[in-house]
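K.L.:
Below is the file data.txt, which contains compact mmCIF, C-alpha atoms and all ligand atoms.
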```
# COMPACT_ATOMS: atom_id res chain seq x y z
CA MET A 400 -22.20 -39.94 -60.89
CA SER A 401 -23.05 -40.75 -57.33
CA HIS A 402 -20.14 -41.92 -55.27
CA LYS A 403 -22.13 -42.31 -52.07
CA LEU A 404 -22.51 -46.03 -52.32
CA PHE A 405 -18.91 -46.99 -52.67
CA SER A 406 -17.01 -44.98 -50.16
CA LEU A 407 -16.69 -47.63 -47.46
CA ALA A 408 -15.99 -50.34 -49.93
CA ALA A 409 -13.40 -48.22 -51.67
CA LEU A 410 -11.42 -48.10 -48.47
CA GLY A 411 -11.72 -51.76 -47.73
CA ILE A 412 -11.52 -53.19 -51.21
CA ARG A 413 -8.04 -54.63 -50.97
CA ARG A 414 -9.44 -57.36 -48.79
CA PHE A 415 -11.52 -58.68 -51.66
CA ILE A 416 -9.32 -58.46 -54.64
CA LEU A 417 -6.55 -60.93 -54.68
CA PHE A 418 -7.32 -64.35 -55.98
CA PRO A 419 -4.47 -66.64 -55.02
CA ARG A 420 -2.55 -68.12 -57.87
CA THR A 421 -3.69 -71.69 -58.44
CA ASN A 422 -3.17 -73.86 -61.43
CA PHE A 423 -6.46 -74.47 -63.25
CA GLY A 424 -4.70 -75.17 -66.54
CA ASN A 425 -5.18 -72.93 -69.55
CA ASN A 426 -8.76 -73.43 -70.61
CA TYR A 427 -9.44 -70.32 -72.69
CA ASN A 428 -13.18 -70.76 -73.06
CA ILE A 429 -14.12 -67.23 -72.17
CA GLY A 430 -12.46 -66.07 -75.28
CA ARG A 431 -10.40 -63.25 -76.52
CA ILE A 432 -10.02 -61.48 -73.20
CA LEU A 433 -8.21 -64.29 -71.63
CA ARG A 434 -6.35 -65.58 -74.65
CA ARG A 435 -4.24 -62.43 -74.63
CA THR A 436 -3.05 -62.90 -71.08
CA SER A 437 -0.02 -64.95 -72.02
CA GLY A 438 3.22 -64.30 -70.19
CA ILE A 439 4.94 -61.10 -69.43
CA SER A 440 8.53 -62.05 -69.99
CA ARG A 441 10.30 -59.69 -67.58
CA ASP A 442 10.20 -60.31 -63.90
CA MET A 443 7.36 -58.18 -62.62
CA SER A 444 9.25 -57.30 -59.48
CA ASP A 445 11.81 -55.39 -61.63
CA MET A 446 9.18 -52.71 -62.04
CA LEU A 447 8.97 -52.01 -58.33
CA GLU A 448 10.93 -49.31 -56.60
CA GLU A 449 11.28 -49.15 -52.83
CA TYR A 450 9.31 -46.33 -51.26
CA THR A 451 9.62 -44.51 -47.96
CA VAL A 452 7.11 -41.86 -46.94
CA PRO A 453 8.39 -38.34 -46.19
CA ASP A 454 9.31 -37.80 -42.51
CA TRP A 455 6.19 -35.73 -41.84
CA ALA A 456 3.97 -38.66 -42.91
CA GLU A 457 5.75 -41.20 -40.71
CA ARG A 458 2.81 -41.56 -38.29
CA LEU A 459 0.44 -42.87 -40.97
CA GLN A 460 -0.61 -46.49 -40.79
CA ASN A 461 -0.62 -48.90 -43.74
CA LYS A 462 2.29 -47.22 -45.49
CA PRO A 463 3.23 -48.65 -48.88
CA THR A 464 6.67 -50.15 -49.35
CA HIS A 465 6.87 -49.82 -53.14
CA ARG A 466 5.82 -47.70 -56.07
CA VAL A 467 6.20 -47.84 -59.83
CA LYS A 468 7.41 -44.76 -61.69
CA LEU A 469 4.78 -43.61 -64.16
CA ALA A 470 4.39 -39.84 -63.77
CA HIS A 471 6.74 -37.07 -64.79
CA PRO A 472 6.91 -35.30 -61.43
CA ASP A 473 7.90 -31.76 -60.40
CA THR A 474 5.32 -30.27 -62.73
CA PRO A 475 5.69 -26.50 -63.14
CA ILE A 476 3.90 -23.78 -61.21
CA ASP A 477 3.16 -20.77 -63.40
CA GLU A 478 1.41 -17.48 -62.96
CA TRP A 479 -2.10 -17.73 -64.44
CA LYS A 480 -3.58 -14.49 -65.65
CA ILE A 481 -7.24 -15.45 -65.74
CA PRO A 482 -9.46 -12.56 -66.75
CA ASP A 483 -11.50 -10.60 -64.23
CA ILE A 484 -9.92 -11.66 -60.95
CA PRO A 485 -10.64 -9.27 -58.05
CA HIS A 486 -7.95 -6.72 -57.29
CA GLY A 487 -5.28 -7.90 -54.87
CA PHE A 488 -5.55 -11.60 -55.66
CA SER A 489 -2.93 -13.49 -57.61
CA VAL A 490 -3.60 -16.88 -59.18
CA HIS A 491 -0.99 -19.49 -60.12
CA ILE A 492 -1.48 -22.91 -61.63
CA LYS A 493 0.27 -26.18 -60.82
CA ARG A 494 0.44 -28.06 -64.12
CA ASP A 495 -0.40 -31.64 -63.16
CA ASP A 496 -1.88 -31.90 -66.62
CA MET A 497 1.81 -32.27 -67.53
CA THR A 498 2.46 -35.47 -65.60
CA GLY A 499 2.54 -37.22 -68.96
CA SER A 500 0.90 -37.13 -72.38
CA THR A 501 -1.58 -39.99 -72.38
CA LEU A 502 -0.94 -40.29 -68.64
CA SER A 503 -1.75 -36.61 -68.08
CA GLY A 504 -3.47 -35.66 -64.83
CA ASN A 505 -4.03 -36.72 -61.27
CA LYS A 506 -4.86 -40.37 -61.87
CA VAL A 507 -1.30 -41.36 -62.67
CA ARG A 508 -0.20 -40.09 -59.25
CA LYS A 509 -2.46 -42.64 -57.56
CA LEU A 510 -1.62 -45.40 -60.04
CA GLU A 511 2.06 -45.31 -59.07
CA PHE A 512 1.02 -46.91 -55.78
CA LEU A 513 -2.01 -48.91 -56.91
CA LEU A 514 -0.21 -50.64 -59.76
CA ALA A 515 2.84 -51.25 -57.56
CA ASP A 516 0.46 -53.05 -55.21
CA ALA A 517 -0.91 -55.04 -58.16
CA VAL A 518 2.57 -56.04 -59.30
CA LYS A 519 3.62 -56.85 -55.75
CA HIS A 520 0.72 -59.25 -55.48
CA ASN A 521 1.58 -60.79 -58.85
CA CYS A 522 -1.68 -59.71 -60.47
CA ARG A 523 -1.57 -59.72 -64.27
CA HIS A 524 -5.02 -58.21 -64.70
CA VAL A 525 -6.25 -54.84 -63.56
CA ILE A 526 -10.00 -54.34 -63.26
CA THR A 527 -11.57 -50.96 -62.67
CA CYS A 528 -14.64 -48.88 -63.49
CA GLY A 529 -15.85 -45.38 -64.29
CA GLY A 530 -17.96 -43.34 -66.67
CA VAL A 531 -17.75 -44.11 -70.36
CA GLN A 532 -15.27 -41.23 -70.83
CA SER A 533 -13.45 -41.88 -67.55
CA ASN A 534 -9.97 -40.33 -67.24
CA HIS A 535 -9.19 -42.84 -64.54
CA CYS A 536 -10.06 -45.81 -66.78
CA ARG A 537 -7.96 -44.39 -69.62
CA ALA A 538 -5.00 -43.90 -67.28
CA VAL A 539 -5.42 -47.48 -66.03
CA ALA A 540 -5.45 -48.75 -69.63
CA VAL A 541 -2.32 -46.82 -70.63
CA ALA A 542 -0.35 -47.48 -67.43
CA SER A 543 -1.29 -51.16 -67.37
CA ARG A 544 0.05 -51.61 -70.87
CA GLN A 545 3.24 -49.77 -69.99
CA LEU A 546 3.77 -52.28 -67.20
CA GLY A 547 2.75 -55.30 -69.26
CA LEU A 548 -0.55 -55.80 -67.44
CA GLU A 549 -4.03 -56.50 -68.85
CA PRO A 550 -6.60 -53.71 -68.40
CA HIS A 551 -10.32 -54.48 -68.00
CA LEU A 552 -12.64 -51.48 -67.78
CA PHE A 553 -16.27 -51.41 -66.66
CA LEU A 554 -17.76 -48.33 -68.30
CA ARG A 555 -21.08 -46.79 -67.30
CA GLY A 556 -23.11 -45.39 -70.17
CA ASP A 557 -26.50 -45.43 -71.85
CA ILE A 558 -25.24 -47.43 -74.79
CA GLN A 559 -27.41 -50.06 -76.43
CA SER A 560 -25.18 -51.67 -79.04
CA LYS A 561 -21.53 -52.42 -79.69
CA SER A 562 -21.54 -50.22 -82.79
CA SER A 563 -22.62 -47.24 -80.69
CA VAL A 564 -19.52 -47.38 -78.51
CA GLU A 565 -17.54 -44.37 -79.77
CA CYS A 566 -13.87 -44.09 -80.73
CA ASN A 567 -13.36 -40.62 -79.28
CA GLY A 568 -11.88 -38.90 -76.21
CA ASN A 569 -10.68 -41.27 -73.51
CA LEU A 570 -12.47 -44.16 -75.20
CA LEU A 571 -10.20 -43.83 -78.21
CA LEU A 572 -7.18 -44.33 -75.95
CA ASP A 573 -8.86 -47.21 -74.09
CA ARG A 574 -9.32 -48.89 -77.45
CA MET A 575 -5.81 -47.98 -78.64
CA CYS A 576 -4.50 -49.87 -75.62
CA GLY A 577 -6.66 -52.88 -76.42
CA ALA A 578 -8.43 -52.70 -73.08
CA ASP A 579 -11.39 -55.01 -72.57
CA LEU A 580 -14.47 -52.83 -72.21
CA TYR A 581 -17.59 -53.96 -70.36
CA ILE A 582 -20.52 -51.62 -70.83
CA VAL A 583 -22.89 -51.37 -67.88
CA PRO A 584 -25.98 -49.18 -67.37
CA ARG A 585 -25.18 -45.54 -66.65
CA GLN A 586 -26.85 -45.50 -63.24
CA SER A 587 -25.03 -48.59 -61.91
CA ALA A 588 -24.09 -48.09 -58.28
CA TYR A 589 -20.63 -49.20 -57.29
CA LEU A 590 -21.44 -51.48 -54.36
CA THR A 591 -24.47 -53.24 -55.70
CA GLU A 592 -23.82 -53.32 -59.44
CA LEU A 593 -20.21 -52.70 -60.36
CA ARG A 594 -18.24 -54.40 -57.64
CA PRO A 595 -20.11 -57.71 -57.95
CA ARG A 596 -19.39 -57.76 -61.69
CA MET A 597 -15.74 -56.87 -61.11
CA LEU A 598 -15.39 -59.67 -58.58
CA ARG A 599 -17.10 -62.11 -60.92
CA LEU A 600 -14.77 -61.16 -63.76
CA ALA A 601 -11.75 -61.72 -61.52
CA GLU A 602 -13.16 -65.14 -60.68
CA LEU A 603 -13.66 -66.00 -64.36
CA ILE A 604 -10.14 -64.89 -65.20
CA LYS A 605 -8.82 -67.00 -62.36
CA GLN A 606 -10.76 -70.05 -63.47
CA GLN A 607 -9.73 -69.69 -67.08
CA THR A 608 -6.08 -68.69 -66.77
CA GLY A 609 -5.02 -69.24 -63.19
CA GLU A 610 -4.00 -65.58 -63.09
CA SER A 611 -4.87 -63.04 -60.41
CA SER A 612 -6.64 -59.72 -60.82
CA TYR A 613 -6.26 -56.46 -58.97
CA LEU A 614 -9.42 -54.43 -58.46
CA ILE A 615 -9.28 -50.64 -58.28
CA PRO A 616 -12.33 -48.66 -57.10
CA VAL A 617 -13.69 -45.65 -59.01
CA GLY A 618 -11.11 -42.90 -59.34
CA GLY A 619 -8.42 -44.99 -57.62
CA SER A 620 -9.51 -43.36 -54.37
CA ASN A 621 -8.62 -45.78 -51.61
CA GLU A 622 -5.90 -45.88 -48.97
CA VAL A 623 -3.33 -47.16 -51.48
CA GLY A 624 -3.97 -44.51 -54.16
CA PHE A 625 -3.99 -41.97 -51.32
CA TYR A 626 -0.19 -42.11 -51.13
CA GLY A 627 0.03 -40.62 -54.62
CA TYR A 628 -1.15 -37.40 -53.04
CA ILE A 629 1.17 -37.70 -50.08
CA GLN A 630 3.90 -37.62 -52.73
CA VAL A 631 2.29 -34.62 -54.42
CA MET A 632 2.23 -32.82 -51.06
CA GLU A 633 5.94 -33.55 -50.67
CA GLU A 634 6.53 -32.17 -54.17
CA LEU A 635 4.54 -29.03 -53.27
CA ARG A 636 6.54 -28.66 -50.08
CA LYS A 637 9.82 -28.88 -51.98
CA GLN A 638 8.54 -26.36 -54.51
CA GLY A 639 7.98 -23.87 -51.69
CA VAL A 640 4.19 -23.89 -52.09
CA LEU A 641 3.57 -24.01 -48.34
CA GLU A 642 5.22 -20.61 -47.95
CA ARG A 643 4.47 -19.03 -51.33
CA PHE A 644 0.68 -19.55 -51.26
CA ASP A 645 -2.27 -19.15 -48.90
CA ASP A 646 -4.84 -21.36 -50.62
CA LEU A 647 -4.80 -24.49 -52.79
CA ILE A 648 -7.90 -25.23 -54.84
CA PHE A 649 -8.81 -28.13 -57.14
CA SER A 650 -11.74 -30.25 -58.37
CA CYS A 651 -13.22 -33.09 -56.32
CA GLY A 652 -14.68 -36.10 -58.14
CA SER A 653 -14.31 -39.23 -56.04
CA GLY A 654 -12.49 -37.55 -53.14
CA GLY A 655 -9.05 -39.18 -53.30
CA THR A 656 -7.21 -36.03 -54.30
CA ALA A 657 -8.97 -34.07 -51.55
CA ALA A 658 -8.14 -36.72 -48.96
CA GLY A 659 -4.46 -36.89 -49.91
CA LEU A 660 -3.94 -33.14 -50.05
CA ALA A 661 -5.97 -32.31 -46.94
CA ILE A 662 -4.37 -35.00 -44.80
CA GLY A 663 -0.90 -34.36 -46.23
CA ASN A 664 -1.23 -30.64 -45.61
CA TYR A 665 -2.41 -31.27 -42.05
CA LEU A 666 0.53 -33.56 -41.34
CA THR A 667 3.08 -31.03 -42.61
CA GLY A 668 1.60 -28.49 -40.19
CA SER A 669 1.38 -25.87 -42.94
CA LYS A 670 -0.97 -22.87 -42.94
CA LEU A 671 -2.10 -23.48 -46.50
CA ARG A 672 -5.91 -23.75 -46.74
CA ILE A 673 -7.20 -26.62 -48.89
CA HIS A 674 -10.36 -26.19 -50.99
CA GLY A 675 -12.00 -28.87 -53.13
CA VAL A 676 -14.69 -27.83 -55.60
CA ALA A 677 -17.32 -30.60 -55.74
CA VAL A 678 -18.09 -31.58 -59.34
CA SER A 679 -20.19 -34.53 -58.19
CA ASP A 680 -21.89 -35.39 -54.91
CA ASP A 681 -21.75 -32.87 -52.06
CA ALA A 682 -19.76 -31.69 -49.06
CA ALA A 683 -21.28 -34.35 -46.78
CA TYR A 684 -20.08 -37.11 -49.10
CA PHE A 685 -16.53 -35.77 -49.42
CA HIS A 686 -16.17 -35.14 -45.69
CA SER A 687 -17.32 -38.64 -44.96
CA HIS A 688 -14.80 -40.01 -47.49
CA VAL A 689 -11.94 -38.02 -45.92
CA ASN A 690 -13.05 -39.04 -42.42
CA GLU A 691 -13.06 -42.70 -43.41
CA MET A 692 -9.59 -42.28 -44.83
CA LEU A 693 -8.42 -40.59 -41.62
CA SER A 694 -9.61 -43.53 -39.56
CA ALA A 695 -8.16 -46.09 -42.00
CA LEU A 696 -4.79 -44.32 -41.62
CA GLY A 697 -4.97 -44.22 -37.84
CA LEU A 698 -5.42 -40.45 -37.45
CA ALA A 699 -7.97 -39.99 -34.70
CA ASP A 700 -7.01 -36.45 -33.64
CA VAL A 701 -8.58 -34.55 -36.52
CA LYS A 702 -11.65 -34.51 -38.72
CA SER A 703 -12.18 -33.66 -42.34
CA GLU A 704 -14.27 -30.57 -41.62
CA ASP A 705 -11.20 -28.98 -39.94
CA ILE A 706 -8.74 -29.61 -42.74
CA VAL A 707 -10.59 -29.17 -46.03
CA ASP A 708 -13.16 -26.71 -47.32
CA ILE A 709 -15.53 -28.39 -49.79
CA VAL A 710 -16.95 -25.82 -52.18
CA GLU A 711 -20.48 -26.68 -53.28
CA GLY A 712 -22.63 -25.13 -55.97
CA TYR A 713 -20.53 -25.81 -59.08
CA LYS A 714 -21.67 -29.30 -60.05
CA GLY A 715 -23.95 -27.46 -62.47
CA LYS A 716 -26.48 -29.68 -64.21
CA GLY A 717 -24.79 -32.78 -62.82
CA TYR A 718 -21.64 -34.84 -63.00
CA GLY A 719 -20.22 -34.75 -66.51
CA ILE A 720 -22.99 -32.50 -67.86
CA SER A 721 -21.83 -29.13 -69.17
CA SER A 722 -23.75 -25.87 -69.31
CA PRO A 723 -23.09 -23.32 -72.08
CA GLY A 724 -21.70 -20.92 -69.43
CA GLU A 725 -19.11 -23.46 -68.27
CA LEU A 726 -17.99 -24.28 -71.80
CA ASP A 727 -17.84 -20.59 -72.58
CA LEU A 728 -15.52 -19.96 -69.62
CA ILE A 729 -13.29 -22.85 -70.70
CA THR A 730 -12.89 -21.38 -74.18
CA GLU A 731 -12.44 -17.86 -72.85
CA ILE A 732 -9.65 -19.11 -70.60
CA SER A 733 -7.98 -21.08 -73.38
CA CYS A 734 -8.19 -18.12 -75.78
CA LYS A 735 -6.81 -15.68 -73.19
CA THR A 736 -4.28 -17.80 -71.28
CA GLY A 737 -3.46 -20.88 -73.36
CA ILE A 738 -4.46 -23.16 -70.46
CA ILE A 739 -6.76 -25.95 -71.61
CA LEU A 740 -9.26 -27.04 -68.97
CA ASP A 741 -11.56 -30.03 -69.27
CA PRO A 742 -15.36 -29.89 -69.15
CA VAL A 743 -15.95 -32.49 -66.41
CA TYR A 744 -13.44 -31.57 -63.69
CA THR A 745 -11.02 -28.66 -64.06
CA GLY A 746 -13.48 -26.51 -66.02
CA LYS A 747 -16.02 -26.69 -63.20
CA GLY A 748 -13.27 -26.34 -60.59
CA ALA A 749 -11.91 -23.17 -62.20
CA TYR A 750 -15.44 -21.86 -62.66
CA GLY A 751 -16.00 -22.41 -58.93
CA MET A 752 -12.73 -20.73 -57.99
CA TRP A 753 -13.45 -17.73 -60.22
CA HIS A 754 -16.97 -17.24 -58.84
CA GLU A 755 -15.91 -17.65 -55.22
CA LEU A 756 -13.06 -15.15 -55.62
CA LYS A 757 -15.58 -12.62 -56.89
CA ARG A 758 -18.57 -13.38 -54.68
CA ASN A 759 -17.06 -14.81 -51.57
CA PRO A 760 -13.44 -13.68 -51.29
CA ASP A 761 -13.43 -14.12 -47.49
CA ARG A 762 -13.67 -17.85 -48.02
CA PHE A 763 -9.96 -17.77 -48.87
CA HIS A 764 -7.27 -17.73 -46.23
CA GLY A 765 -5.24 -15.13 -48.14
CA LYS A 766 -4.75 -13.66 -51.57
CA ARG A 767 -2.14 -15.96 -53.07
CA ILE A 768 -4.12 -18.70 -54.75
CA LEU A 769 -2.79 -21.89 -56.35
CA PHE A 770 -5.09 -23.87 -58.66
CA LEU A 771 -4.14 -27.50 -59.19
CA HIS A 772 -4.75 -28.55 -62.79
CA THR A 773 -5.64 -32.22 -62.47
CA GLY A 774 -5.73 -33.00 -66.21
CA GLY A 775 -8.65 -34.50 -68.10
CA VAL A 776 -7.97 -32.94 -71.50
CA PHE A 777 -9.27 -35.96 -73.44
CA GLY A 778 -12.75 -35.19 -72.09
CA LEU A 779 -12.77 -32.28 -74.56
CA TYR A 780 -12.59 -34.66 -77.49
CA ASP A 781 -16.00 -36.26 -77.17
CA GLY A 782 -17.75 -33.82 -79.50
CA ARG A 783 -19.35 -31.65 -76.84
CA MET A 784 -17.32 -28.56 -77.82
CA ASP A 785 -18.24 -28.64 -81.52
CA ALA A 786 -21.35 -26.48 -81.51
CA LEU A 787 -19.83 -23.82 -79.26
CA LEU A 788 -16.53 -23.64 -81.14
CA LYS A 789 -18.35 -23.26 -84.44
CA SER A 790 -20.69 -20.59 -83.15
CA LYS A 791 -18.29 -18.24 -81.28
CA ALA A 792 -16.38 -15.65 -83.28
CA ASP A 793 -13.21 -16.19 -81.20
CA THR A 794 -13.11 -19.91 -81.92
CA ASN A 795 -14.25 -19.89 -85.51
CA LYS A 796 -11.65 -17.68 -87.20
CA ILE A 797 -11.55 -19.66 -90.39
CA LYS A 798 -10.57 -18.16 -93.74
CA PHE A 799 -10.18 -19.80 -97.08
CA TRP A 800 -7.09 -18.93 -99.10
CA LEU A 801 -7.30 -21.29 -101.99
CA ASP A 802 -5.73 -19.12 -104.65
CA LYS A 803 -2.27 -17.67 -104.02
CA ASN A 804 -2.93 -14.84 -106.47
CA SER A 805 -5.80 -13.39 -104.46
CA ASP A 806 -6.33 -12.64 -100.77
CA TYR A 807 -8.20 -14.89 -98.36
CA SER A 808 -11.97 -14.75 -98.11
C1 LIG B 901 -9.16 -34.65 -64.57
C2 LIG B 901 -9.62 -34.98 -63.21
N1 LIG B 901 -9.57 -34.03 -62.28
C3 LIG B 901 -10.01 -34.26 -61.02
C4 LIG B 901 -10.54 -35.49 -60.67
C5 LIG B 901 -11.03 -35.66 -59.28
O1 LIG B 901 -10.13 -36.39 -58.52
P1 LIG B 901 -10.67 -37.32 -57.35
O2 LIG B 901 -11.42 -38.43 -58.02
O3 LIG B 901 -9.44 -37.78 -56.70
O4 LIG B 901 -11.56 -36.50 -56.51
C6 LIG B 901 -10.60 -36.52 -61.63
C7 LIG B 901 -11.15 -37.85 -61.34
O5 LIG B 901 -12.14 -38.09 -60.75
C8 LIG B 901 -10.13 -36.26 -62.93
O6 LIG B 901 -10.17 -37.20 -63.88
```
Could you render the structure as structure tokens?
Ligand SMILES: Cc1ncc(COP(=O)(O)O)c(C=O)c1O

P.N.:
Amino acid sequence: MSHKLFSLAALGIRRFILFPRTNFGNNYNIGRILRRTSGISRDMSDMLEEYTVPDWAERLQNKPTHRVKLAHPDTPIDEWKIPDIPHGFSVHIKRDDMTGSTLSGNKVRKLEFLLADAVKHNCRHVITCGGVQSNHCRAVAVASRQLGLEPHLFLRGDIQSKSSVECNGNLLLDRMCGADLYIVPRQSAYLTELRPRMLRLAELIKQQTGESSYLIPVGGSNEVGFYGYIQVMEELRKQGVLERFDDLIFSCGSGGTAAGLAIGNYLTGSKLRIHGVAVSDDAAYFHSHVNEMLSALGLADVKSEDIVDIVEGYKGKGYGISSPGELDLITEISCKTGIILDPVYTGKGAYGMWHELKRNPDRFHGKRILFLHTGGVFGLYDGRMDALLKSKADTNKIKFWLDKNSDYS
């Protein structure tokens, strides 16, 4: 997935998204999508909670005033005994895969602010986009339903017919939530292909129902979603991470997590070094995203290159494409440590961390490493693990014991 084309728009998108509420009458010609939009009975503003940024983030511009509570915060930090780590290093893991069950992972952190913004602007529809197995889209579908909103997902994939749209992984949950799914070609660029369709859909919804839509860019990575990671930084601070660790490492997909953690860490003045492992795009893209965010937030005294180390070389065959070596490491880690990584993000991130610790240990500020597990487990359920799991002795320990009077075979 190339994110290059949408970075500027991602930051500015709020200017384009809100279609003022006007009364066009209820002409439901565009069908099923819009017929289901009928009223949410509770007052939407009940969902909002007032929000004040931590003191150390006070100088940021465009601070949000509200959030909605979606995540289970204060996720644990545990020692992580991954095999074959160089002597002297210790690795711990922050379990943000435990922010919820179907809302597991980093996306829900951003959605607490994005969906609060949607509710604040009285938008009943939430429109977003991603890959066909997007974690972000799934989280939008689940969270929207929890708040009584209508999710619409633009999904990129090489899919030719309706019957070929699967019911597995994140897609299964998208469907379980009754999200409207719009399939678009896999290579669709955000600015030129996706955003125009998203805007057009918002217009159609407005014409047909009079209701407003809230548009969220890929990965929820704009200056609203950013505050989700300001909150995570505050959680890390309260958990003593800034003193207990030297380095924080995680996977970078659209750059929002990197921006929030790098900028948050800078503002706290901590010595923790932030590393993002690129699983799509490259260092130039992520630095430009963080730099745009810095200027949108009014921070002119620092640049991305000084506050975050982007680790390249672990995208592998490409975004979302797994190599046998990566899948092997994921299963080795699950068999040895009980931590389940995903193939698209955390698997590549952990692979990157593991290789860098061995090959390039000086890249790290110290020896106390914290890996942020950003979720994504449903990406394992798309069938890609089948062949490996059936072929490896460790993951194919199947015995038949059909007759209680004889032993298993
Ligand atoms: C499981 C998981 N981890 C990490 C990321 C990367 O986060 P970001 O898009 O904020 O870079 C994503 C989404 O892109 C994700 O779904």

K.L.:
Please identify every polymer residue within 8 Å of ligand LIG 901 (chain B), using all atoms listed in the file, and present the set as an MDAnalysis selection string.

P.N.:
chainID A and resid 504:506 533:535 617:620 649:658 741 743:745 772:776

K.L.:
Which is closer to Glu633 (chain A) than all the others in A:Thr501, A:Thr667, A:Ser444, A:Ser612, using all atoms listed in the file?

P.N.:
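Using all atoms listed in the file, the shortest distance to Glu633 (chain A) belongs to A:Thr667.
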
K.L.:
From the set A:Leu660, A:Leu548, A:Val623, A:Gly724, which residue has the shortest atom-to-atom contact distance to His465 (chain A), counting all atoms listed in the file?

P.N.:
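The closest residue to His465 (chain A) is A:Val623.
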
K.L.:
For Gly697 (chain A), work out the shell of residues within 12 Å, counting only C-alpha atoms and skipping chain neighbours fewer than 4 positions away, then give it as a ChimeraX atom specification.

P.N.:
/A:456-462,622,662,690-693,701-702

K.L.:
Using the selection just defined, write its residues with C-alpha atoms as a PDB file, in the coordinates of the input.

P.N.:
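This went into again_4.pdb:
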```
ATOM      1  CA  ALA A 456       3.970 -38.660 -42.910  1.00  0.00           C
ATOM      2  CA  GLU A 457       5.750 -41.200 -40.710  1.00  0.00           C
ATOM      3  CA  ARG A 458       2.810 -41.560 -38.290  1.00  0.00           C
ATOM      4  CA  LEU A 459       0.440 -42.870 -40.970  1.00  0.00           C
ATOM      5  CA  GLN A 460      -0.610 -46.490 -40.790  1.00  0.00           C
ATOM      6  CA  ASN A 461      -0.620 -48.900 -43.740  1.00  0.00           C
ATOM      7  CA  LYS A 462       2.290 -47.220 -45.490  1.00  0.00           C
ATOM      8  CA  GLU A 622      -5.900 -45.880 -48.970  1.00  0.00           C
ATOM      9  CA  ILE A 662      -4.370 -35.000 -44.800  1.00  0.00           C
ATOM     10  CA  ASN A 690     -13.050 -39.040 -42.420  1.00  0.00           C
ATOM     11  CA  GLU A 691     -13.060 -42.700 -43.410  1.00  0.00           C
ATOM     12  CA  MET A 692      -9.590 -42.280 -44.830  1.00  0.00           C
ATOM     13  CA  LEU A 693      -8.420 -40.590 -41.620  1.00  0.00           C
ATOM     14  CA  VAL A 701      -8.580 -34.550 -36.520  1.00  0.00           C
ATOM     15  CA  LYS A 702     -11.650 -34.510 -38.720  1.00  0.00           C
TER      16      LYS A 702
END
```

K.L.:
I need the residue nearest Phe553 (chain A) from this list: A:Phe625, A:Trp800, A:Tyr589, A:Trp455. Use only C-alpha atoms for the distance.

P.N.:
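Looking at the shortest contact to Phe553 (chain A), the residue is A:Tyr589.
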
K.L.:
Between A:Pro760, A:Gly751, A:Pro616, A:Gly627, single out the one closest to Val452 (chain A), counting only C-alpha atoms.

P.N.:
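Nearest to Val452 (chain A): A:Gly627.
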
K.L.:
Quick one: pull the distance between CA of Phe512 (chain A) and CA of Tyr626 (chain A), Å, one decimal.

P.N.:
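About the pair CA of Phe512 (chain A) and CA of Tyr626 (chain A): they are 6.8 Å apart.
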
K.L.:
Looking at A:Arg762, A:Arg643, A:Arg537, A:Arg555, which one is nearest to Phe777 (chain A), with distances taken over only C-alpha atoms?

P.N.:
A:Arg537

K.L.:
Quick check, in Å to one decimal: how far apart do CA of His491 (chain A) and CA of Phe644 (chain A) lie?

P.N.:
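Taking CA of His491 (chain A) as the start and CA of Phe644 (chain A) as the end point, the length is 9.0 Å.
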
K.L.:
Show which residues sit within 8 Å of Ala517 (chain A), as a list of chain:residue names. Count all atoms listed in the file, and ignore same-chain residues fewer than 5 positions away.

P.N.:
A:Cys522, A:Arg523, A:Val525, A:Ser612, A:Tyr613

K.L.:
I'd like the neighbourhood of Glu448 (chain A) as a list in words, where a residue qualifies if any of its atoms comes within 10 Å (using all atoms listed in the file), though same-chain residues fewer than 4 positions away should be ignored.

P.N.:
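Final neighbour list, sorted by chain and number: Ser444, Thr464, His465, Arg466, Val467, Lys468 and Ala515 of chain A.
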
K.L.:
For Leu502 (chain A), work out the shell of residues within 7 Å, counting only C-alpha atoms and skipping chain neighbours fewer than 3 positions away, then give it as a list in words.

P.N.:
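Using only C-alpha atoms, the neighbours found are Thr498, Gly499, Val507, Ala538 and Val541 of chain A.
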